[in-house]
$ cat entry-v2.cif   # mmCIF, C-alpha atoms and all ligand atoms
data_input
#
loop_
_atom_site.label_atom_id
_atom_site.label_comp_id
_atom_site.auth_asym_id
_atom_site.auth_seq_id
_atom_site.Cartn_x
_atom_site.Cartn_y
_atom_site.Cartn_z
CA MET F 779 0.00 0.00 0.00
CA ARG F 780 1.20 3.49 -0.88
CA VAL F 781 2.37 5.71 1.99
CA THR F 782 0.01 8.67 2.44
CA VAL F 783 -0.20 11.79 4.59
CA ASN F 784 -2.25 9.70 7.05
CA THR F 785 0.59 7.17 7.36
CA ILE F 786 3.00 10.01 8.15
CA ARG F 787 0.65 11.61 10.70
CA GLU F 788 0.08 8.24 12.40
CA MET F 789 3.84 7.67 12.62
CA LYS F 790 4.18 10.81 14.76
CA GLN F 791 1.27 9.68 16.95
CA ARG F 792 2.92 6.27 17.43
CA LYS F 793 6.30 8.00 18.05
CA GLU F 794 7.73 5.97 15.17
CA LYS F 795 10.66 7.81 13.56
CA ILE F 796 10.00 8.98 10.00
CA VAL F 797 12.78 8.47 7.47
CA MET F 798 13.01 10.68 4.40
CA LEU F 799 15.72 10.58 1.74
CA THR F 800 16.17 12.48 -1.50
CA ALA F 801 16.28 10.82 -4.91
CA TYR F 802 16.60 12.42 -8.32
CA ASP F 803 16.50 9.55 -10.84
CA TYR F 804 14.76 6.26 -11.57
CA SER F 805 17.43 3.79 -10.47
CA THR F 806 18.23 5.52 -7.15
CA ALA F 807 14.54 6.02 -6.36
CA LYS F 808 13.91 2.31 -6.98
CA LEU F 809 16.68 1.37 -4.51
CA VAL F 810 15.50 3.89 -1.91
CA ASP F 811 11.91 2.66 -2.21
CA GLU F 812 12.90 -1.02 -2.12
CA ALA F 813 15.01 -0.33 1.00
CA GLY F 814 11.79 0.78 2.73
CA VAL F 815 12.10 4.58 2.96
CA PRO F 816 8.53 5.91 3.29
CA LEU F 817 9.13 9.50 2.13
CA ILE F 818 11.18 10.34 -0.95
CA LEU F 819 11.98 13.97 -1.63
CA VAL F 820 12.86 15.09 -5.13
CA GLY F 821 14.79 17.98 -3.60
CA ASP F 822 15.89 21.07 -5.47
CA SER F 823 19.28 20.11 -4.00
CA LEU F 824 19.51 18.31 -7.34
CA GLY F 825 20.69 21.69 -8.65
CA MET F 826 23.89 21.20 -6.67
CA VAL F 827 24.38 17.43 -6.47
CA VAL F 828 23.12 16.42 -9.93
CA LEU F 829 23.30 19.51 -12.13
CA GLY F 830 26.51 21.02 -10.68
CA TYR F 831 25.18 24.49 -9.79
CA GLU F 832 26.57 26.34 -6.76
CA SER F 833 23.13 26.75 -5.21
CA THR F 834 19.52 25.63 -5.70
CA ILE F 835 18.53 28.99 -7.18
CA PRO F 836 19.00 28.20 -10.91
CA VAL F 837 16.73 25.12 -10.71
CA THR F 838 13.58 25.48 -12.84
CA MET F 839 10.13 23.90 -12.75
CA ASP F 840 10.99 21.97 -15.92
CA ASP F 841 14.13 20.53 -14.25
CA MET F 842 12.04 19.46 -11.26
CA ILE F 843 9.24 17.91 -13.30
CA HIS F 844 11.76 15.98 -15.44
CA HIS F 845 13.44 14.47 -12.35
CA THR F 846 10.18 13.93 -10.46
CA ARG F 847 8.81 11.86 -13.35
CA ALA F 848 11.97 9.71 -13.33
CA VAL F 849 11.74 9.17 -9.56
CA VAL F 850 8.03 8.35 -9.67
CA ARG F 851 8.68 5.67 -12.31
CA GLY F 852 10.99 3.91 -9.84
CA VAL F 853 8.74 4.08 -6.77
CA ARG F 854 5.98 1.65 -5.80
CA LYS F 855 5.33 2.36 -2.12
CA ALA F 856 6.89 5.58 -0.82
CA MET F 857 5.20 8.97 -0.90
CA VAL F 858 7.03 11.20 -3.39
CA VAL F 859 7.36 14.88 -2.46
CA GLY F 860 8.35 17.39 -5.16
CA ASP F 861 10.34 20.44 -4.07
CA MET F 862 8.97 23.69 -5.50
CA PRO F 863 11.95 25.65 -6.85
CA PHE F 864 12.97 29.27 -6.29
CA MET F 865 10.29 31.88 -7.04
CA THR F 866 7.72 29.40 -8.31
CA TYR F 867 5.33 30.11 -5.42
CA HIS F 868 6.02 33.78 -4.62
CA THR F 869 4.66 35.57 -7.66
CA GLY F 870 0.99 35.09 -6.83
CA ILE F 871 -1.36 32.39 -5.66
CA SER F 872 -2.34 31.34 -9.16
CA ASP F 873 1.33 30.75 -10.12
CA ALA F 874 1.84 28.76 -6.92
CA LEU F 875 -1.28 26.65 -7.55
CA ARG F 876 -0.36 26.05 -11.20
CA ASN F 877 3.19 24.99 -10.29
CA ALA F 878 2.08 22.79 -7.38
CA ALA F 879 -0.45 21.15 -9.70
CA ARG F 880 2.30 20.43 -12.26
CA PHE F 881 4.15 18.33 -9.67
CA ILE F 882 1.04 16.23 -9.09
CA GLN F 883 -0.39 16.09 -12.61
CA GLU F 884 2.75 16.01 -14.81
CA GLY F 885 5.31 14.79 -12.28
CA GLY F 886 3.18 12.15 -10.58
CA ALA F 887 4.26 13.25 -7.07
CA GLN F 888 1.87 12.92 -4.13
CA ALA F 889 2.89 16.15 -2.33
CA VAL F 890 4.97 19.32 -2.68
CA LYS F 891 7.43 21.05 -0.37
CA LEU F 892 8.06 24.75 -0.17
CA GLU F 893 10.39 26.93 1.87
CA GLY F 894 9.27 29.58 4.37
CA GLY F 895 6.94 30.01 7.32
CA VAL F 896 4.59 32.90 8.08
CA THR F 897 5.26 34.53 4.71
CA VAL F 898 4.11 31.50 2.70
CA ALA F 899 1.37 30.29 5.08
CA GLU F 900 -1.48 31.70 2.97
CA THR F 901 0.00 30.05 -0.14
CA VAL F 902 0.31 26.74 1.73
CA LYS F 903 -3.35 26.98 2.78
CA ARG F 904 -4.52 27.64 -0.77
CA ILE F 905 -2.52 24.70 -2.16
CA VAL F 906 -3.78 22.38 0.61
CA ASP F 907 -7.36 23.62 -0.01
CA CYS F 908 -6.95 22.38 -3.60
CA GLY F 909 -6.19 18.89 -2.30
CA ILE F 910 -2.41 18.94 -2.65
CA PRO F 911 -0.51 17.91 0.51
CA VAL F 912 2.22 20.41 1.44
CA MET F 913 5.39 19.91 3.47
CA GLY F 914 6.90 23.10 4.95
CA HIS F 915 10.61 23.86 5.29
CA ILE F 916 12.03 26.37 7.79
CA GLY F 917 15.36 27.15 9.43
CA LEU F 918 18.06 27.30 6.81
CA THR F 919 16.09 27.77 3.60
CA PRO F 920 18.65 27.42 0.80
CA GLN F 921 16.53 29.37 -1.71
CA SER F 922 17.03 32.47 0.52
CA ILE F 923 20.78 32.00 0.74
CA HIS F 924 21.57 35.53 -0.47
CA GLN F 925 19.24 37.04 2.13
CA LEU F 926 20.50 34.75 4.92
CA GLY F 927 24.14 35.47 4.00
CA GLY F 928 25.31 31.84 3.85
CA PHE F 929 24.55 28.24 4.74
CA SER F 930 24.49 28.85 8.50
CA ALA F 931 22.39 27.65 11.46
CA GLN F 932 19.16 29.54 12.19
CA GLY F 933 17.19 30.35 15.34
CA LYS F 934 20.17 30.88 17.63
CA THR F 935 18.91 34.01 19.44
CA PRO F 936 15.66 34.15 21.48
CA GLU F 937 14.09 36.45 18.83
CA ALA F 938 15.13 34.18 15.94
CA ALA F 939 13.97 31.10 17.87
CA LEU F 940 10.55 32.70 18.46
CA ARG F 941 10.31 33.58 14.76
CA LEU F 942 10.96 29.94 13.84
CA LEU F 943 8.37 28.73 16.35
CA ASP F 944 5.85 31.19 14.83
CA ASP F 945 6.78 29.95 11.35
CA ALA F 946 6.23 26.34 12.39
CA ARG F 947 2.86 27.15 13.99
CA ALA F 948 1.78 29.12 10.90
CA LEU F 949 2.56 26.14 8.66
CA GLU F 950 0.66 23.77 10.92
CA LYS F 951 -2.35 26.13 10.97
CA ALA F 952 -2.18 26.46 7.17
CA GLY F 953 -2.58 22.68 6.86
CA ALA F 954 0.97 21.50 6.11
CA PHE F 955 1.26 17.77 6.86
CA ALA F 956 4.91 17.99 8.04
CA VAL F 957 7.70 20.51 8.30
CA VAL F 958 11.42 20.21 7.58
CA LEU F 959 13.71 21.88 10.13
CA GLU F 960 17.11 22.55 8.55
CA LEU F 961 20.17 23.58 10.60
CA VAL F 962 18.16 24.43 13.70
CA PRO F 963 19.83 23.97 17.11
CA ALA F 964 18.73 20.70 18.71
CA PRO F 965 16.99 22.22 21.80
CA LEU F 966 14.88 24.51 19.58
CA ALA F 967 14.05 21.64 17.20
CA ARG F 968 12.94 19.60 20.25
CA LEU F 969 10.70 22.46 21.44
CA ILE F 970 9.13 22.90 17.97
CA THR F 971 8.60 19.13 17.73
CA GLN F 972 6.81 19.11 21.09
CA GLU F 973 4.68 22.13 20.19
CA LEU F 974 3.44 20.84 16.83
CA SER F 975 0.86 18.15 16.17
CA ILE F 976 2.37 17.60 12.69
CA PRO F 977 5.72 15.80 12.29
CA THR F 978 9.02 17.66 12.12
CA ILE F 979 11.66 16.22 9.80
CA GLY F 980 15.15 17.35 10.74
CA ILE F 981 18.35 17.84 8.80
CA GLY F 982 21.10 19.14 11.04
CA ALA F 983 18.43 19.68 13.74
CA GLY F 984 19.32 17.00 16.27
CA PRO F 985 17.86 13.66 17.26
CA ASP F 986 14.53 14.78 18.74
CA CYS F 987 12.71 15.61 15.52
CA ASP F 988 9.95 13.19 14.51
CA GLY F 989 11.98 12.19 11.48
CA GLN F 990 15.20 12.80 9.59
CA VAL F 991 16.01 13.67 6.00
CA GLN F 992 19.34 13.33 4.22
CA VAL F 993 20.57 14.08 0.72
CA VAL F 994 21.16 10.67 -0.88
CA SER F 995 24.49 11.71 -2.46
CA ASP F 996 25.81 12.70 1.00
CA LEU F 997 24.59 9.47 2.61
CA LEU F 998 26.18 7.32 -0.10
CA GLY F 999 29.44 9.29 -0.13
CA LEU F 1000 29.22 10.24 -3.81
CA TYR F 1001 31.37 13.31 -3.12
CA SER F 1002 34.70 12.99 -1.35
CA ASP F 1003 35.68 16.68 -1.60
CA PHE F 1004 32.90 18.08 0.65
CA VAL F 1005 30.84 16.46 3.41
CA PRO F 1006 28.36 18.81 5.13
CA ARG F 1007 28.44 18.70 8.95
CA HIS F 1008 24.82 17.52 9.12
CA ALA F 1009 25.54 14.53 6.86
CA LYS F 1010 26.74 11.04 7.67
CA GLN F 1011 28.35 8.90 4.99
CA TYR F 1012 26.97 5.36 5.30
CA ALA F 1013 29.08 4.37 2.29
CA LYS F 1014 31.97 5.89 0.40
CA LEU F 1015 30.85 5.25 -3.14
CA ALA F 1016 33.02 7.97 -4.73
CA GLY F 1017 36.12 5.89 -3.99
CA GLU F 1018 34.47 2.63 -5.05
CA ILE F 1019 33.16 4.13 -8.28
CA LYS F 1020 36.56 5.61 -9.18
CA ALA F 1021 38.27 2.29 -8.41
CA ALA F 1022 35.78 0.43 -10.61
CA ILE F 1023 36.33 2.88 -13.48
CA ALA F 1024 40.12 2.62 -13.07
CA SER F 1025 39.86 -1.21 -13.32
CA TYR F 1026 37.75 -0.88 -16.46
CA ILE F 1027 40.32 1.48 -18.03
CA SER F 1028 43.23 -0.83 -17.31
CA GLU F 1029 41.41 -4.01 -18.43
CA VAL F 1030 40.42 -2.42 -21.75
CA LYS F 1031 43.97 -1.17 -22.26
CA GLU F 1032 45.61 -4.49 -21.45
CA GLY F 1033 43.00 -6.45 -23.45
CA SER F 1034 41.56 -8.51 -20.56
CA PHE F 1035 38.09 -7.01 -21.06
CA PRO F 1036 35.95 -7.89 -22.90
CA THR F 1037 36.36 -11.66 -23.18
CA LEU F 1038 34.28 -13.88 -25.43
CA GLU F 1039 31.74 -14.40 -22.65
CA HIS F 1040 30.76 -10.74 -22.97
CA CYS F 1041 29.68 -10.97 -26.61
CA PRO F 1042 27.42 -13.05 -28.87
CA THR F 1043 28.78 -16.23 -30.50
CA MET F 1044 28.35 -17.65 -33.96
CA ASP F 1045 29.50 -20.63 -35.94
CA GLU F 1046 32.75 -19.41 -37.49
CA LYS F 1047 32.22 -21.71 -40.44
CA LEU F 1048 29.50 -19.30 -41.57
CA LEU F 1049 32.26 -16.80 -42.23
CA GLU F 1050 34.10 -19.09 -44.61
CA GLY F 1051 34.12 -17.65 -48.05
CA LEU F 1052 33.65 -14.09 -46.79
CA LYS F 1053 37.37 -13.38 -46.59
CA ARG F 1054 38.82 -11.68 -49.71
CA SER F 1055 41.31 -14.46 -50.47
O1 LIG F 1101 16.40 20.04 -1.56
C1 LIG F 1101 16.59 19.26 -0.61
O2 LIG F 1101 17.24 18.22 -0.73
C2 LIG F 1101 16.00 19.64 0.66
C3 LIG F 1101 16.37 18.81 1.86
C4 LIG F 1101 17.73 19.15 2.31
C5 LIG F 1101 15.37 18.96 2.94
O3 LIG F 1101 15.28 20.57 0.75
#

$ encode --input "entry-v2.cif" --output "C-alpha cells"
Amino acid sequence: MRVTVNTIREMKQRKEKIVMLTAYDYSTAKLVDEAGVPLILVGDSLGMVVLGYESTIPVTMDDMIHHTRAVVRGVRKAMVVGDMPFMTYHTGISDALRNAARFIQEGGAQAVKLEGGVTVAETVKRIVDCGIPVMGHIGLTPQSIHQLGGFSAQGKTPEAALRLLDDARALEKAGAFAVVLELVPAPLARLITQELSIPTIGIGAGPDCDGQVQVVSDLLGLYSDFVPRHAKQYAKLAGEIKAAIASYISEVKEGSFPTLEHCPTMDEKLLEGLKRS
C-alpha cells in the first residue's frame, strides 16, 4: 500500500521515527523505495548534487518535473514529495497553484514542499485547499541563501527562535502535513517538535525531531571533496566508483576485457568464403 499523509501523521502519533531521503533519478529512487524509505523527496538540491550548480537557485520547474517523473517511475510504495523551486510560489497564488499542480499532474508526485513560514502560510493553505498535501521547510532555507548570508544555522537568538516557532505554527495552521527543520539547534528543534501536532523532519536539527532527511548523495558518499556537517556517509561510493572505473580502463587497455563471454557467439564456419582471399 502506498504511503500517504495519514501514514506520516500516524507515525508521529505512534512515536515511530520517519525516514526521508532524497532521490533524483529512476534507479536511485527504486533502490531507496525497495530499502523501505517511506518519504522520498525530489529535492531542489539536485541543482547542486546532480546539475553542478553552486546553489539551488537556478533550478527550474521543468528541471524538477523531469526528475520527479523519473523518480516516480521507480517508486511503488513511498510517498514522493516534489520540491517547489525558487520563485515558483512567490509571484501570486495562481502561479503557486499552477506549479504545485504540475508536480502532481505532470510529475506524478503525491505532495509538494516549499520553503518559508509565516510569509508562505497563505500560499500553503490555498494549495492544501486544492487537495495537494504540502510539506513546509524552515530554518536554513537554501533558496534564501543571499538574504541569509550563507549556509548557517538559524534560530540561535531568542528572537530568531521565536520567529521559527511562529513559522512552524503558521505552517501547521495552514494545513501543512509535516515541516522540515534545517540547521536548527537541537533544543529549539525539540521544542518545535513538542509544540506541533504535525511531524518535524530534521536535517542538522538534532535527534529529537519526529523524522530525519538526508541528501542521498551525502549518505552514499558520492562526493569525497565536501561532506556537510549535518551529513553522515553510510558508504563511500566515490572511492568505489573511481576504483571500478580505473579497473575498467586498465582491463580495456591491457585487453583482458571484454572476453568472449561478454559478446554473442556464432558458428565461425558461416564466415568461410567471406574473406577476400
Ligand atoms: O532540496 C533538498 O534536498 C532539501 C532537503 C535538504 C530537505 O530541501

$ residues_near_ligand --input "entry-v2.cif" --ligand "ligand LIG 1101 (chain F)" --cutoff "7 Å" --atoms "all atoms listed in the file" --output "list in words"
Thr800, Leu819, Val820, Gly821, Asp822, Ser823, Leu824, Asp861, Val958, Glu960, Ile981, Val991, Gln992 and Val993 of chain F

$ residues_around --input "entry-v2.cif" --residues "F:Ile916" --least-positions-apart "6" --cutoff "9 Å" --atoms "all atoms listed in the file" --output "ChimeraX atom specification"
/F:893-895,932,942,945-946,957-960,962

$ closest_residue --input "entry-v2.cif" --among "F:Phe1035, F:Phe881, F:Tyr867, F:Phe929" --to "F:Val902" --atoms "all atoms listed in the file"
F:Tyr867

$ closest_residue --input "entry-v2.cif" --among "F:Tyr1026, F:Phe955, F:Tyr804, F:Tyr1001" --to "F:Gly830" --atoms "only C-alpha atoms"
F:Tyr1001

$ residues_around --input "entry-v2.cif" --residues "F:Gly933" --least-positions-apart "4" --cutoff "9 Å" --atoms "only C-alpha atoms" --output "number ranges by chain"
F: 917, 937-942, 961-963, 966

$ residues_around --input "entry-v2.cif" --residues "stretch 896-901 of chain F" --least-positions-apart "3" --cutoff "7 Å" --atoms "only C-alpha atoms" --output "short mmCIF file (atom, residue, chain, number, x, y, z; two decimals) with C-alpha atoms, keeping the file's coordinate frame"
data_model
loop_
_atom_site.label_atom_id
_atom_site.label_comp_id
_atom_site.auth_asym_id
_atom_site.auth_seq_id
_atom_site.Cartn_x
_atom_site.Cartn_y
_atom_site.Cartn_z
CA ILE F 871 -1.36 32.39 -5.66
CA ARG F 904 -4.52 27.64 -0.77
CA ILE F 905 -2.52 24.70 -2.16
CA ASP F 945 6.78 29.95 11.35
CA ALA F 948 1.78 29.12 10.90
CA LEU F 949 2.56 26.14 8.66
CA ALA F 952 -2.18 26.46 7.17
#

$ closest_residue --input "entry-v2.cif" --among "F:Cys987, F:Thr785, F:Val837, F:Glu1050" --to "F:Ile970" --atoms "only C-alpha atoms"
F:Cys987

$ atom_distance --input "entry-v2.cif" --atom1 "atom CA of F:Asp840" --atom2 "atom CA of F:Asn877"
10.1 Å

$ closest_residue --input "entry-v2.cif" --among "F:Pro1006, F:Ile818, F:Leu974, F:His924" --to "F:Val797" --atoms "all atoms listed in the file"
F:Ile818

$ residues_around --input "entry-v2.cif" --residues "F:Val850" --least-positions-apart "3" --cutoff "9 Å" --atoms "all atoms listed in the file" --output "PyMOL selection string"
chain F and resi 803-804+807-808+845-847+853-854+858+885-887

$ atom_distance --input "entry-v2.cif" --atom1 "atom CA of F:Ile979" --atom2 "atom CA of F:Ala956"
7.2 Å

$ closest_residue --input "entry-v2.cif" --among "F:Lys790, F:Ser995, F:Gly927, F:Ser833" --to "F:Thr806" --atoms "only C-alpha atoms"
F:Ser995

$ axis_aligned_box --input "entry-v2.cif" --around "stretch 779-794 of chain F" --padding-each-side "5 Å" --output "JSON"
{"center_x": 2.7, "center_y": 5.9, "center_z": 8.6, "size_x": 20.0, "size_y": 21.8, "size_z": 28.9}

$ atom_distance --input "entry-v2.cif" --atom1 "atom CA of F:Lys1010" --atom2 "atom CA of F:Asp988"
18.3 Å

$ closest_residue --input "entry-v2.cif" --among "F:His844, F:Ala856, F:Leu1052, F:Met798" --to "F:Met779" --atoms "all atoms listed in the file"
F:Ala856

$ residues_around --input "entry-v2.cif" --residues "F:Lys1014" --least-positions-apart "6" --cutoff "7 Å" --atoms "all atoms listed in the file" --output "ChimeraX atom specification"
/F:998-1000

$ decode --input "entry-v2.cif" --residues "stretch 830-942 of chain F" --atoms "C-alpha atoms" --output "mmCIF file, in the first residue's frame"
data_model
loop_
_atom_site.group_PDB
_atom_site.id
_atom_site.type_symbol
_atom_site.label_atom_id
_atom_site.label_comp_id
_atom_site.auth_asym_id
_atom_site.auth_seq_id
_atom_site.Cartn_x
_atom_site.Cartn_y
_atom_site.Cartn_z
ATOM 1 C CA GLY F 830 26.505 21.016 -10.680
ATOM 2 C CA TYR F 831 25.181 24.489 -9.795
ATOM 3 C CA GLU F 832 26.567 26.344 -6.760
ATOM 4 C CA SER F 833 23.130 26.749 -5.207
ATOM 5 C CA THR F 834 19.522 25.633 -5.697
ATOM 6 C CA ILE F 835 18.535 28.985 -7.175
ATOM 7 C CA PRO F 836 18.999 28.197 -10.912
ATOM 8 C CA VAL F 837 16.728 25.119 -10.710
ATOM 9 C CA THR F 838 13.575 25.483 -12.839
ATOM 10 C CA MET F 839 10.127 23.902 -12.753
ATOM 11 C CA ASP F 840 10.988 21.970 -15.919
ATOM 12 C CA ASP F 841 14.130 20.531 -14.249
ATOM 13 C CA MET F 842 12.039 19.460 -11.260
ATOM 14 C CA ILE F 843 9.243 17.906 -13.302
ATOM 15 C CA HIS F 844 11.759 15.980 -15.439
ATOM 16 C CA HIS F 845 13.443 14.473 -12.346
ATOM 17 C CA THR F 846 10.176 13.932 -10.458
ATOM 18 C CA ARG F 847 8.815 11.857 -13.345
ATOM 19 C CA ALA F 848 11.971 9.714 -13.332
ATOM 20 C CA VAL F 849 11.742 9.166 -9.563
ATOM 21 C CA VAL F 850 8.032 8.348 -9.665
ATOM 22 C CA ARG F 851 8.678 5.673 -12.309
ATOM 23 C CA GLY F 852 10.994 3.909 -9.839
ATOM 24 C CA VAL F 853 8.738 4.079 -6.769
ATOM 25 C CA ARG F 854 5.984 1.646 -5.800
ATOM 26 C CA LYS F 855 5.327 2.365 -2.116
ATOM 27 C CA ALA F 856 6.893 5.582 -0.822
ATOM 28 C CA MET F 857 5.200 8.966 -0.903
ATOM 29 C CA VAL F 858 7.029 11.196 -3.386
ATOM 30 C CA VAL F 859 7.356 14.880 -2.458
ATOM 31 C CA GLY F 860 8.349 17.389 -5.161
ATOM 32 C CA ASP F 861 10.336 20.441 -4.070
ATOM 33 C CA MET F 862 8.970 23.688 -5.496
ATOM 34 C CA PRO F 863 11.950 25.649 -6.848
ATOM 35 C CA PHE F 864 12.973 29.268 -6.289
ATOM 36 C CA MET F 865 10.290 31.880 -7.041
ATOM 37 C CA THR F 866 7.717 29.397 -8.312
ATOM 38 C CA TYR F 867 5.326 30.108 -5.419
ATOM 39 C CA HIS F 868 6.016 33.783 -4.616
ATOM 40 C CA THR F 869 4.663 35.569 -7.665
ATOM 41 C CA GLY F 870 0.994 35.092 -6.832
ATOM 42 C CA ILE F 871 -1.358 32.392 -5.655
ATOM 43 C CA SER F 872 -2.340 31.345 -9.157
ATOM 44 C CA ASP F 873 1.333 30.749 -10.121
ATOM 45 C CA ALA F 874 1.838 28.755 -6.915
ATOM 46 C CA LEU F 875 -1.276 26.653 -7.548
ATOM 47 C CA ARG F 876 -0.360 26.049 -11.199
ATOM 48 C CA ASN F 877 3.188 24.988 -10.290
ATOM 49 C CA ALA F 878 2.082 22.788 -7.375
ATOM 50 C CA ALA F 879 -0.449 21.154 -9.697
ATOM 51 C CA ARG F 880 2.298 20.429 -12.260
ATOM 52 C CA PHE F 881 4.153 18.329 -9.671
ATOM 53 C CA ILE F 882 1.036 16.226 -9.095
ATOM 54 C CA GLN F 883 -0.387 16.087 -12.610
ATOM 55 C CA GLU F 884 2.748 16.014 -14.810
ATOM 56 C CA GLY F 885 5.307 14.794 -12.281
ATOM 57 C CA GLY F 886 3.180 12.149 -10.579
ATOM 58 C CA ALA F 887 4.257 13.255 -7.067
ATOM 59 C CA GLN F 888 1.871 12.919 -4.125
ATOM 60 C CA ALA F 889 2.893 16.145 -2.330
ATOM 61 C CA VAL F 890 4.966 19.316 -2.681
ATOM 62 C CA LYS F 891 7.433 21.047 -0.372
ATOM 63 C CA LEU F 892 8.058 24.755 -0.173
ATOM 64 C CA GLU F 893 10.386 26.933 1.873
ATOM 65 C CA GLY F 894 9.274 29.581 4.368
ATOM 66 C CA GLY F 895 6.938 30.005 7.316
ATOM 67 C CA VAL F 896 4.587 32.898 8.081
ATOM 68 C CA THR F 897 5.258 34.531 4.705
ATOM 69 C CA VAL F 898 4.112 31.497 2.696
ATOM 70 C CA ALA F 899 1.370 30.295 5.081
ATOM 71 C CA GLU F 900 -1.481 31.701 2.970
ATOM 72 C CA THR F 901 0.001 30.046 -0.141
ATOM 73 C CA VAL F 902 0.310 26.739 1.726
ATOM 74 C CA LYS F 903 -3.349 26.982 2.783
ATOM 75 C CA ARG F 904 -4.519 27.638 -0.773
ATOM 76 C CA ILE F 905 -2.517 24.695 -2.158
ATOM 77 C CA VAL F 906 -3.784 22.382 0.606
ATOM 78 C CA ASP F 907 -7.359 23.620 -0.008
ATOM 79 C CA CYS F 908 -6.950 22.379 -3.595
ATOM 80 C CA GLY F 909 -6.192 18.886 -2.299
ATOM 81 C CA ILE F 910 -2.411 18.940 -2.648
ATOM 82 C CA PRO F 911 -0.506 17.912 0.513
ATOM 83 C CA VAL F 912 2.219 20.406 1.445
ATOM 84 C CA MET F 913 5.385 19.908 3.469
ATOM 85 C CA GLY F 914 6.898 23.098 4.947
ATOM 86 C CA HIS F 915 10.611 23.864 5.287
ATOM 87 C CA ILE F 916 12.033 26.369 7.790
ATOM 88 C CA GLY F 917 15.362 27.149 9.431
ATOM 89 C CA LEU F 918 18.061 27.304 6.807
ATOM 90 C CA THR F 919 16.090 27.771 3.604
ATOM 91 C CA PRO F 920 18.651 27.421 0.798
ATOM 92 C CA GLN F 921 16.526 29.374 -1.710
ATOM 93 C CA SER F 922 17.033 32.472 0.522
ATOM 94 C CA ILE F 923 20.781 31.996 0.740
ATOM 95 C CA HIS F 924 21.573 35.531 -0.471
ATOM 96 C CA GLN F 925 19.239 37.042 2.135
ATOM 97 C CA LEU F 926 20.504 34.752 4.923
ATOM 98 C CA GLY F 927 24.141 35.466 4.001
ATOM 99 C CA GLY F 928 25.313 31.842 3.850
ATOM 100 C CA PHE F 929 24.547 28.242 4.744
ATOM 101 C CA SER F 930 24.485 28.852 8.505
ATOM 102 C CA ALA F 931 22.386 27.648 11.464
ATOM 103 C CA GLN F 932 19.161 29.541 12.191
ATOM 104 C CA GLY F 933 17.187 30.354 15.339
ATOM 105 C CA LYS F 934 20.166 30.877 17.631
ATOM 106 C CA THR F 935 18.910 34.008 19.437
ATOM 107 C CA PRO F 936 15.662 34.150 21.479
ATOM 108 C CA GLU F 937 14.095 36.450 18.828
ATOM 109 C CA ALA F 938 15.132 34.177 15.941
ATOM 110 C CA ALA F 939 13.969 31.101 17.869
ATOM 111 C CA LEU F 940 10.555 32.700 18.462
ATOM 112 C CA ARG F 941 10.307 33.581 14.760
ATOM 113 C CA LEU F 942 10.961 29.935 13.842
#
